[in-house]
Each structure stands twice: as structure tokens, then as C-alpha cells.
Amino acid sequence: MIEIKNLTKIYNKEKKAIDNVSFTINDGEIFAFIGHNGAGKTTTIKSIVGILDFEEGDILINGKSIKKEPIECKKQIAYVPDNPDLYENMKAIDYIKFICDMYDVPENKRIEQIDKYATMFELKENLNNTISSFSHGMKQKVALIAALVHNPKILIMDEPFVGLDPKAVYDMKEVMKQMCKEGKTIFFSTHILEVAEKLCSRVAIIKQGKVVKVGNMNEIKGDESLEQVFLELDEEK
């Protein structure tokens, strides 16, 4: 579970990138976070995973504060950023093993997990290649494998489908559904509203640093599509 409580993030001593945001992502649900570029999605996500500090409020990861117990929180989280900034000079397999080391994944388990996800994302033959030689989509797959390989309780992703081929998108959605069945927490931002509408049980819409809608997907969209709801909110002043 992720609990965001009155989160406020200020830049340059005056601009509120996030303004008193509160909502909860429960265990066993896939939660979408949508909004325009610059609305505050990435800032919120980076605050949740402990990359950015914030001025007011708190964020609890399964009851622990990311401010007070950052290491304990991060042990439970896998994070996929909006741009896969990996260690370019490393081989893909070495990067993934490095992540396994960070999360104390046993040798037998890491072999099994790496094989499973590298096969799924059709990257097995490329694991011994240097990451700098990869396309954006291949780097994204490496980031996803590294996130999944330690079997996280909470998966947080910022635009995870960008650059992926259709099969990889399908496979990732299936992984997310399975994690949801296992009671894990999935929170991700996306501009692909159709995917969010079909995949997610709940959604939050952020606009200019404020959450303007949050709740059950069917309740939020009613008889409309999520895209229609989003555009209507965008037109409001």
C-alpha cells in the first residue's frame, strides 16, 4: 500500500509542482496516474520512490515513511523511470545482476527470474551486449527486467510502455495483472488512456500540481471514455 498524505513539493522557493496531494494506492490494484506533461506526475513519482525530497506531507510505503525510513521503503519498491538511464558501459546481464545484488536475490532465484523475463521480452540473446548498443525499446526492456527480477511488493513506473513493441506491451500488461492477483501494488503514469482504462481498477488525474479526480475507474468515467473525461477536465479553468 502507498499512502500519499498532503504532499507538497516546491521548486525555486515559490512554485508548487505538487500542491497538497493526497490519495492511496491499495494492495492488489493497478492504479493509473494521468495528466499533461508538466502536471506533476513525474515529480510525484520521484517523491514516492525517494529520489526527490518534499517540503510538506508524507508518503507511507506499507506503513513506513519514505522520509524517516527510506531504505526500508526502497527494499519493497521497484521503480521504472520515464527514461531508461542505465549504466551504458555495462553489459545488460551485469546490470541486471547488479540489481539482484542490491536486493539480495539468491543465485538460483536470479537465474530463474532472469531467464523468465529475458525470454518473455525477447532479450535473451542480447544480454551479453553492452547497454550503449541498445535501442530505446531494448533499454526499456532491461529496466523492466531489472525491476521485476527481485519480485517487488510494489511496482512504480513512469510511462512504462513508451518505446516497447506491441508484444512487449502485451506481456507487460499480463505481468501486471498477475502481480495484481498476487496482492501486489502497481502504480504507473501513462499518456495511453485506452490502456489505463482497460487495465486499471482506479485512477488519479493531476492538473497543475493538484489532483482533480481520484477514484474507481468506472465511477470516474461513468458512461464516457477516460479520454473524454480527461479532455473535459482539461477544458475547465
# chains A, B, ... in the order shown; residues from 1 in each chain; ligands from 1
>>> closest_atom_pairs(of="range 83-153 of chain A", to="range 166-183 of chain A", cutoff="10 Å", atoms="only C-alpha atoms", output="Markdown table")
| residue | atom | partner | partner_atom | distance |
| --- | --- | --- | --- | --- |
| A:Tyr117 | CA | A:Asp171 | CA | 9.7 |
| A:Met120 | CA | A:Asp171 | CA | 7.2 |
| A:Phe121 | CA | A:Ala168 | CA | 5.8 |
| A:Glu122 | CA | A:Ala168 | CA | 8.4 |
| A:Gly137 | CA | A:Ala168 | CA | 9.4 |
| A:Lys141 | CA | A:Ala168 | CA | 8.1 |
| A:Leu144 | CA | A:Met172 | CA | 8.6 |
| A:Leu148 | CA | A:Val175 | CA | 9.1 |
| A:Asn151 | CA | A:Met179 | CA | 9.2 |
| A:Pro152 | CA | A:Met179 | CA | 9.3 |
| A:Lys153 | CA | A:Gly183 | CA | 8.4 |
>>> residues_around(residues="range 34-50 of chain A", least_positions_apart="5", cutoff="9 Å", atoms="only C-alpha atoms", output="NGL selection string")
:A and (2 or 4 or 7 or 9 or 17-18 or 21 or 59-61 or 66-67 or 70 or 73-74 or 77-79 or 81-82 or 156-158 or 187-193 or 196 or 203-210 or 230 or 234)
>>> residues_around(residues="Ala143 in chain A", least_positions_apart="5", cutoff="8 Å", atoms="only C-alpha atoms", output="list of chain:residue names")
A:Val80, A:Pro84, A:Leu86
>>> write_last_selection(atoms="C-alpha atoms", output="PDB file, in the first residue's frame")
ATOM      1  CA  VAL A  80      10.998   2.143 -13.744  1.00  0.00           C
ATOM      2  CA  PRO A  84      15.780   4.266 -19.012  1.00  0.00           C
ATOM      3  CA  LEU A  86      21.078   2.796 -17.236  1.00  0.00           C
TER       4      LEU A  86
END
>>> select_by_dssp(residues="range 2-230 of chain A", states="strand (DSSP E)", output="JSON, numbers by chain")
{"A": [2, 3, 4, 5, 6, 7, 8, 9, 10, 11, 15, 16, 17, 18, 19, 20, 21, 22, 23, 24, 25, 30, 31, 32, 33, 34, 56, 57, 58, 59, 60, 61, 64, 65, 77, 78, 79, 80, 154, 155, 156, 157, 158, 185, 186, 187, 188, 189, 202, 203, 204, 205, 206, 207, 210, 211, 212, 213, 214, 215, 216]}
>>> closest_residue(among="A:Leu52, A:Cys100, A:Val214, A:Met138", to="Asp85 in chain A", atoms="only C-alpha atoms")
A:Met138
>>> atom_distance(atom1="CA of Gln113 in chain A", atom2="CA of Glu3 in chain A")
29.3 Å
>>> closest_residue(among="A:Ile186, A:Met217, A:Ala92, A:Ala146", to="Lys124 in chain A", atoms="only C-alpha atoms")
A:Ala92
>>> closest_residue(among="A:Arg110, A:Lys198, A:Lys91, A:Lys116", to="Ser133 in chain A", atoms="only C-alpha atoms")
A:Lys91
>>> closest_residue(among="A:Asp58, A:Glu219, A:Glu29, A:Asp19", to="Lys5 in chain A", atoms="only C-alpha atoms")
A:Asp58
